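Structure first, then comments.
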Amino acid sequence: MAIRYLKSSDTTAEAQAGADVRDTVSVMLARIKAGGEAAALDYSKRLDGWDGDIVVTEAAVAEAVRAVPQGLKDDIAWAHDNIRRFAEAQLATVSEMEIELRPGLFAGQKLIPLHAAGAYVPGGRYAHIASALMTITTAKVAGVSHITACSPPKPDQGIHPAILYAMQLAGADRILAMGGVQGVAAMAGGLFGAAPADILIGPGNAYVAEAKRQMFGPVGIDMFAGPTDSMVIADGRADAYTVAWDLVSQAEHGHNSPVWLVSDNGALAQFVMKLVPQLMAELPESNRAAAEAAWRDLGEVILCDTREEMAEVANRYGPEHLHVQAAELDWWSDALTSYGSLFLGEETTVSFGDKAAGPNHTLPTSGAARYTGGLSVHKFLKTVTWQRVQAKALPELARVTASISRHEGMEGHARAADIRLEKQRAKLRLAAG
C-alpha cells in the first residue's frame, strides 16, 4: 500500500487563524454583556460603519424586495422550495413514541421545538443569499417559534437587498442589521427586541465562529465551524477540467479554505495540478487572490494505489464536502463514512449543494465530520423522554431500583423507591379492610 502526496501542506486552516482572535472576542463579549445595546451599537458603528436602524423595518424589507430583479426572486424561491421540502422530509423521519416496557411501566419520547433561534448570515465579500435560506428555512420547518436573523450591513446601504428578500421569504421574525461578534451576541442576549436565542446557527468568519464557541453552554450552537473545506475523489475516468474547476470553485471561499484531490491516477492528478492555476487566473481579482492563497498554502493532491486507500484517506480527513467522480458510485457510498455532505458523480457539484439543491450547506468542518453531521431540523428539536408507572409495575421496579441504589451507596435514592412501595402496600391494606 502506498499513499503519496504530489502536493502537500505543512499548515492547517486552524493554524492560520490569528492568535489574538480568542482574546479579542472574549473582550468584546464581556463588554456587550455589561453594556448591552449601547456596547453593541458602538461596535456596529466602528466595525460595520453603520449608524442606521439596527432593527430592519417592514418598509426597508419592502424596499429591498422591490430592488431584487424578478428573475433572481424566482431563482431564490426555487432554491427555497427545495430546501424547505428536504427539511420537511427530514422532519418526517423523526417521531414521538410510547412503549410499555413491562406491564404497567410506560415510557416515551416527545419532540419539542426550540423557542428561539438566531441565524447569522455572512455578508462580507460575498452576499450569502443561500445561507439565509438554509438556516432560517430549516428552523421554521422544525417549528421554532421565533427566528432572529442578522447580517453585516454595508455603510450607507444596509443589508444586501437579495439577502433581505431571502430572509423574509424563509420566515425570519426579526432582522438585525448587525454583523460580527456584536451580531451573534445581540441575538444570544435578546437585544433590540429579539427573543434570547436558544441556539445560534449559521457560518461566519473566525470572529463569529469564536464568539459562538465561547458562548456555547448557556446557548446552543449548530457546530464549531472553521473555514470551509472540500475533497474530490477522482479515478482515471474523471474529466480533469471538471475536477479542477470543482477544486477552484471551493478554494474561492477564502485564503483559509483547503481543497484536496485524492486519485489513483497519476496522469490525471498531474494534469489537474497544471490546470488549477490556469483556471484561477480566470476568476475576478478578489476571488482569484483568495483561491490562489488557499491552493498555495493548504491545497493537497494525494495519489493512492487502490480505491480502498482513497476511501481510507477520505474517512481520515472527514471533509466538509466530499465529491466522488469515479466508477461504481454505490461502492463509494458504502465505503465512505466521514463527510458533511456527499456528492456522487460528475453530474453534481458542491456548488449545487451550496446554493440550491436542497440538503443543508451548514456542515461540519476541520475534520468534525468524523463524529457529527450538518445542520438539520434535528438541531432545533429537543428529544425529551417521559415515564409513568401503574400499580402493577411498582413492586419490582421499586425493588430493583432500591437494590442497585444501595449497592452504589446511594441510600437516598433507595429510600425514594422504598417509600413508593410502602405507600402502595398501605393502600392495599386499607382497601382490604
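Letters A, B, ... mark the chains of the C-alpha cells in the order given; residue numbers begin at 1 per chain; ligand numbers begin at 1, in order shown.
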
Practice prompt. Would you return as a PyMOL selection string the members of range 6-248 of chain A that DSSP assigns to strand (DSSP E) on this structure's backbone?
Written response: chain A and resi 6-7+97-102+105-113+116-120+146-151+174-177+199-201+220-221+230-234

Output of the above residues as a CSV table (one decimal), in the first residue's frame, restricted to C-alpha atoms:
chain,number,residue,atom,x,y,z
A,6,LEU,CA,2.1,15.1,-5.0
A,7,LYS,CA,1.3,18.3,-3.3
A,97,MET,CA,-43.3,7.3,20.6
A,98,GLU,CA,-44.5,5.4,23.6
A,99,ILE,CA,-43.7,1.9,24.7
A,100,GLU,CA,-44.9,-0.3,27.6
A,101,LEU,CA,-41.5,-1.7,28.7
A,102,ARG,CA,-43.1,-4.0,31.3
A,105,LEU,CA,-44.3,0.7,33.0
A,106,PHE,CA,-44.7,3.2,30.2
A,107,ALA,CA,-42.1,5.4,28.7
A,108,GLY,CA,-41.8,7.5,25.6
A,109,GLN,CA,-40.2,10.5,23.9
A,110,LYS,CA,-41.5,13.8,22.8
A,111,LEU,CA,-40.2,16.3,20.2
A,112,ILE,CA,-40.2,19.8,21.5
A,113,PRO,CA,-39.1,22.6,19.1
A,116,ALA,CA,-35.9,30.9,19.6
A,117,ALA,CA,-33.1,30.7,17.2
A,118,GLY,CA,-30.5,33.3,16.0
A,119,ALA,CA,-29.4,32.9,12.4
A,120,TYR,CA,-26.2,34.6,11.3
A,146,HIS,CA,-39.2,33.0,16.9
A,147,ILE,CA,-36.3,33.3,14.5
A,148,THR,CA,-34.0,36.3,14.5
A,149,ALA,CA,-31.6,36.8,11.6
A,150,CYS,CA,-28.7,39.2,11.4
A,151,SER,CA,-26.2,40.1,8.7
A,174,ARG,CA,-36.9,39.9,13.2
A,175,ILE,CA,-33.9,41.1,11.2
A,176,LEU,CA,-30.9,42.9,12.7
A,177,ALA,CA,-28.6,45.0,10.5
A,199,ILE,CA,-29.4,28.3,19.6
A,200,LEU,CA,-27.1,30.2,17.3
A,201,ILE,CA,-26.7,28.9,13.7
A,220,GLY,CA,-26.6,26.1,21.9
A,221,ILE,CA,-24.8,26.3,18.6
A,230,SER,CA,-13.7,20.2,0.2
A,231,MET,CA,-12.3,17.0,-1.2
A,232,VAL,CA,-12.6,15.5,-4.7
A,233,ILE,CA,-12.1,11.8,-5.2
A,234,ALA,CA,-11.3,11.1,-8.9

Residues at most 8 Å from Met28 in chain A, counting only C-alpha atoms, excluding those fewer than 3 positions away in the same chain, as a PDB file with all heavy atoms, in the first residue's frame?
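As written to disk, out09.pdb reads:
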ATOM      1  N   THR A  24      -9.592  38.815  21.575  1.00  0.00           N
ATOM      2  CA  THR A  24     -10.421  39.918  21.080  1.00  0.00           C
ATOM      3  C   THR A  24     -11.895  39.632  21.278  1.00  0.00           C
ATOM      4  O   THR A  24     -12.662  40.478  21.753  1.00  0.00           O
ATOM      5  CB  THR A  24     -10.136  40.168  19.588  1.00  0.00           C
ATOM      6  OG1 THR A  24      -8.762  40.529  19.426  1.00  0.00           O
ATOM      7  CG2 THR A  24     -11.014  41.287  19.044  1.00  0.00           C
ATOM      8  N   VAL A  25     -12.315  38.429  20.931  1.00  0.00           N
ATOM      9  CA  VAL A  25     -13.719  38.050  21.070  1.00  0.00           C
ATOM     10  C   VAL A  25     -14.134  38.041  22.535  1.00  0.00           C
ATOM     11  O   VAL A  25     -15.229  38.491  22.890  1.00  0.00           O
ATOM     12  CB  VAL A  25     -13.960  36.674  20.420  1.00  0.00           C
ATOM     13  CG1 VAL A  25     -15.346  36.144  20.778  1.00  0.00           C
ATOM     14  CG2 VAL A  25     -13.808  36.774  18.910  1.00  0.00           C
ATOM     15  N   ARG A  31     -17.756  43.023  27.116  1.00  0.00           N
ATOM     16  CA  ARG A  31     -18.222  44.416  27.054  1.00  0.00           C
ATOM     17  C   ARG A  31     -19.692  44.486  26.661  1.00  0.00           C
ATOM     18  O   ARG A  31     -20.466  45.268  27.207  1.00  0.00           O
ATOM     19  CB  ARG A  31     -17.377  45.197  26.051  1.00  0.00           C
ATOM     20  CG  ARG A  31     -17.733  46.684  26.052  1.00  0.00           C
ATOM     21  CD  ARG A  31     -16.874  47.503  25.137  1.00  0.00           C
ATOM     22  NE  ARG A  31     -17.418  48.867  25.077  1.00  0.00           N
ATOM     23  CZ  ARG A  31     -17.483  49.596  23.989  1.00  0.00           C
ATOM     24  NH1 ARG A  31     -17.029  49.123  22.842  1.00  0.00           N
ATOM     25  NH2 ARG A  31     -17.994  50.808  24.016  1.00  0.00           N
ATOM     26  N   ILE A  32     -20.105  43.642  25.706  1.00  0.00           N
ATOM     27  CA  ILE A  32     -21.509  43.648  25.279  1.00  0.00           C
ATOM     28  C   ILE A  32     -22.409  43.120  26.395  1.00  0.00           C
ATOM     29  O   ILE A  32     -23.508  43.626  26.618  1.00  0.00           O
ATOM     30  CB  ILE A  32     -21.684  42.830  23.984  1.00  0.00           C
ATOM     31  CG1 ILE A  32     -20.952  43.522  22.829  1.00  0.00           C
ATOM     32  CG2 ILE A  32     -23.157  42.653  23.638  1.00  0.00           C
ATOM     33  CD1 ILE A  32     -20.860  42.693  21.568  1.00  0.00           C
ATOM     34  N   VAL A 181     -19.147  39.720  15.873  1.00  0.00           N
ATOM     35  CA  VAL A 181     -19.362  39.304  17.259  1.00  0.00           C
ATOM     36  C   VAL A 181     -20.574  40.003  17.842  1.00  0.00           C
ATOM     37  O   VAL A 181     -21.383  39.400  18.559  1.00  0.00           O
ATOM     38  CB  VAL A 181     -18.103  39.600  18.100  1.00  0.00           C
ATOM     39  CG1 VAL A 181     -18.348  39.286  19.570  1.00  0.00           C
ATOM     40  CG2 VAL A 181     -16.915  38.800  17.578  1.00  0.00           C
ATOM     41  N   GLN A 182     -20.716  41.296  17.528  1.00  0.00           N
ATOM     42  CA  GLN A 182     -21.833  42.054  18.097  1.00  0.00           C
ATOM     43  C   GLN A 182     -23.179  41.518  17.612  1.00  0.00           C
ATOM     44  O   GLN A 182     -24.173  41.542  18.338  1.00  0.00           O
ATOM     45  CB  GLN A 182     -21.702  43.544  17.782  1.00  0.00           C
ATOM     46  CG  GLN A 182     -21.691  43.927  16.320  1.00  0.00           C
ATOM     47  CD  GLN A 182     -20.309  43.871  15.685  1.00  0.00           C
ATOM     48  OE1 GLN A 182     -19.413  43.206  16.190  1.00  0.00           O
ATOM     49  NE2 GLN A 182     -20.151  44.576  14.567  1.00  0.00           N
TER      50      GLN A 182
END

Item to complete: Please give the complete set of residues from range 105-322 of chain A that DSSP, run on the backbone, assigns to alpha helix (DSSP H), formatted as an MDAnalysis selection string.
Response: chainID A and resid 129:142 161:170 180:189 206:215 240:251 266:280 285:298 307:317

I need the residues from that last selection saved to file as an mmCIF file, in the first residue's frame (with C-alpha atoms), if you can.
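Final output, again00.cif:
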data_model
loop_
_atom_site.group_PDB
_atom_site.id
_atom_site.type_symbol
_atom_site.label_atom_id
_atom_site.label_comp_id
_atom_site.auth_asym_id
_atom_site.auth_seq_id
_atom_site.Cartn_x
_atom_site.Cartn_y
_atom_site.Cartn_z
ATOM 1 C CA ILE A 129 -28.186 34.578 -0.099
ATOM 2 C CA ALA A 130 -28.221 30.796 0.237
ATOM 3 C CA SER A 131 -27.110 30.905 3.887
ATOM 4 C CA ALA A 132 -30.257 32.830 4.786
ATOM 5 C CA LEU A 133 -32.374 30.151 3.131
ATOM 6 C CA MET A 134 -30.500 27.227 4.666
ATOM 7 C CA THR A 135 -30.635 28.391 8.277
ATOM 8 C CA ILE A 136 -33.963 30.187 8.592
ATOM 9 C CA THR A 137 -35.996 27.764 6.469
ATOM 10 C CA THR A 138 -34.784 24.741 8.407
ATOM 11 C CA ALA A 139 -35.584 26.346 11.767
ATOM 12 C CA LYS A 140 -39.033 27.343 10.506
ATOM 13 C CA VAL A 141 -39.830 23.817 9.306
ATOM 14 C CA ALA A 142 -38.718 22.412 12.665
ATOM 15 C CA PRO A 161 -31.357 43.517 -0.783
ATOM 16 C CA ALA A 162 -31.237 39.897 -2.007
ATOM 17 C CA ILE A 163 -30.239 38.680 1.484
ATOM 18 C CA LEU A 164 -33.141 40.636 2.972
ATOM 19 C CA TYR A 165 -35.501 39.137 0.425
ATOM 20 C CA ALA A 166 -34.274 35.627 1.237
ATOM 21 C CA MET A 167 -34.580 36.272 4.978
ATOM 22 C CA GLN A 168 -38.208 37.351 4.765
ATOM 23 C CA LEU A 169 -39.100 34.597 2.299
ATOM 24 C CA ALA A 170 -37.605 31.972 4.611
ATOM 25 C CA GLY A 180 -19.690 40.047 13.560
ATOM 26 C CA VAL A 181 -19.362 39.304 17.259
ATOM 27 C CA GLN A 182 -21.833 42.054 18.097
ATOM 28 C CA GLY A 183 -24.471 40.441 15.860
ATOM 29 C CA VAL A 184 -24.338 36.975 17.416
ATOM 30 C CA ALA A 185 -24.052 38.460 20.914
ATOM 31 C CA ALA A 186 -27.151 40.576 20.286
ATOM 32 C CA MET A 187 -29.155 37.533 19.208
ATOM 33 C CA ALA A 188 -27.923 35.442 22.128
ATOM 34 C CA GLY A 189 -28.697 38.189 24.626
ATOM 35 C CA ALA A 206 -13.155 33.471 12.519
ATOM 36 C CA TYR A 207 -14.528 36.051 14.972
ATOM 37 C CA VAL A 208 -18.113 34.868 14.573
ATOM 38 C CA ALA A 209 -17.059 31.231 14.962
ATOM 39 C CA GLU A 210 -15.052 32.043 18.084
ATOM 40 C CA ALA A 211 -17.918 34.051 19.572
ATOM 41 C CA LYS A 212 -20.252 31.083 19.124
ATOM 42 C CA ARG A 213 -17.652 28.790 20.666
ATOM 43 C CA GLN A 214 -17.236 31.000 23.724
ATOM 44 C CA MET A 215 -20.993 31.404 24.241
ATOM 45 C CA ALA A 240 -9.567 16.708 -15.309
ATOM 46 C CA TYR A 241 -11.067 20.032 -16.386
ATOM 47 C CA THR A 242 -14.238 19.408 -14.362
ATOM 48 C CA VAL A 243 -12.253 18.235 -11.342
ATOM 49 C CA ALA A 244 -10.033 21.298 -11.497
ATOM 50 C CA TRP A 245 -12.997 23.670 -11.609
ATOM 51 C CA ASP A 246 -14.581 21.881 -8.666
ATOM 52 C CA LEU A 247 -11.421 22.477 -6.641
ATOM 53 C CA VAL A 248 -11.093 26.086 -7.750
ATOM 54 C CA SER A 249 -14.744 26.861 -7.024
ATOM 55 C CA GLN A 250 -14.338 25.797 -3.390
ATOM 56 C CA ALA A 251 -10.958 27.473 -2.895
ATOM 57 C CA GLY A 266 -1.051 9.919 -11.638
ATOM 58 C CA ALA A 267 -1.628 11.416 -15.079
ATOM 59 C CA LEU A 268 -4.997 12.841 -14.062
ATOM 60 C CA ALA A 269 -3.577 14.247 -10.829
ATOM 61 C CA GLN A 270 -0.677 15.930 -12.625
ATOM 62 C CA PHE A 271 -2.981 17.423 -15.255
ATOM 63 C CA VAL A 272 -5.324 18.798 -12.595
ATOM 64 C CA MET A 273 -2.356 20.407 -10.822
ATOM 65 C CA LYS A 274 -1.433 22.081 -14.104
ATOM 66 C CA LEU A 275 -4.983 23.272 -14.776
ATOM 67 C CA VAL A 276 -5.813 24.716 -11.351
ATOM 68 C CA PRO A 277 -3.582 27.847 -11.600
ATOM 69 C CA GLN A 278 -4.801 28.472 -15.146
ATOM 70 C CA LEU A 279 -8.455 28.349 -14.098
ATOM 71 C CA MET A 280 -7.864 30.510 -11.050
ATOM 72 C CA GLU A 285 -9.444 39.720 -8.842
ATOM 73 C CA SER A 286 -10.520 39.259 -5.211
ATOM 74 C CA ASN A 287 -11.821 35.745 -5.864
ATOM 75 C CA ARG A 288 -8.601 34.846 -7.635
ATOM 76 C CA ALA A 289 -6.411 36.059 -4.769
ATOM 77 C CA ALA A 290 -8.393 34.051 -2.223
ATOM 78 C CA ALA A 291 -8.347 30.884 -4.315
ATOM 79 C CA GLU A 292 -4.638 31.163 -5.124
ATOM 80 C CA ALA A 293 -3.725 31.564 -1.463
ATOM 81 C CA ALA A 294 -5.887 28.623 -0.424
ATOM 82 C CA TRP A 295 -4.376 26.381 -3.101
ATOM 83 C CA ARG A 296 -0.804 27.527 -2.439
ATOM 84 C CA ASP A 297 -0.889 27.157 1.336
ATOM 85 C CA LEU A 298 -3.487 24.474 2.010
ATOM 86 C CA ARG A 307 -9.837 2.784 -4.244
ATOM 87 C CA GLU A 308 -9.681 1.306 -0.742
ATOM 88 C CA GLU A 309 -6.744 3.611 0.001
ATOM 89 C CA MET A 310 -8.654 6.545 -1.455
ATOM 90 C CA ALA A 311 -11.610 5.823 0.816
ATOM 91 C CA GLU A 312 -9.242 5.460 3.767
ATOM 92 C CA VAL A 313 -7.806 8.928 3.135
ATOM 93 C CA ALA A 314 -11.257 10.474 2.819
ATOM 94 C CA ASN A 315 -12.520 8.850 6.004
ATOM 95 C CA ARG A 316 -9.421 10.026 7.882
ATOM 96 C CA TYR A 317 -9.778 13.631 6.688
#

Worksheet item: Could you work out how far CA of Gly204 in chain A lies from CA of Ala62 in chain A, giving the answer in Å with one decimal?
Response: 26.1 Å

Worksheet, complete the sentence: Counting only C-alpha atoms, closest pick from A:Val350, A:Gly52, A:Ala398, A:Ser341 relative to Leu375 in chain A is A:Ser341

Practice prompt. Skip Ser376 in chain A itself and residues of its chain fewer than 2 positions away, then list as number ranges by chain all residues within 9 Å of it, counting only C-alpha atoms.
Written response: A: 87, 90-91, 135, 138-139, 142, 359-360, 362, 373-374, 378-380

Worksheet item: Which residue, A:Ser366, A:Gln325, A:Gln387, A:Thr228, has the smallest gap to Asp354 in chain A when you use only C-alpha atoms?
Response: A:Thr228

Fill in: Neighbour list for Asp305 in chain A as a list in words, cut-off 9 Å, only C-alpha atoms, skip fewer than 6 positions in-chain
Met1, Ala2, Ile3, Ser263, Asp264 and Asn265 of chain A

Discussion item. Could you list, as a PyMOL selection string, every residue within 10 Å of Ala60 in chain A, counting only C-alpha atoms and ignoring same-chain residues fewer than 5 positions away?
Written reply: chain A and resi 53+55+65-66+158-159+161+164

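For the atom pair formed by CA of Phe224 in chain A and CA of Ala368 in chain A, the distance is 8.4 Å, given to one decimal.
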
Item to complete: Between A:Glu320, A:Asp81, A:Asp222, A:Glu37, single out the one closest to Gly202 in chain A, counting only C-alpha atoms.
Response: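 Comparing A:Glu320, A:Asp81, A:Asp222, A:Glu37 against Gly202 in chain A, the winner is A:Asp222.
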
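For the residues A:Leu363, A:Ile419, A:Met178, A:Ala39, ranking by smallest atom-to-atom distance to Gly123 in chain A using only C-alpha atoms places A:Met178 first.
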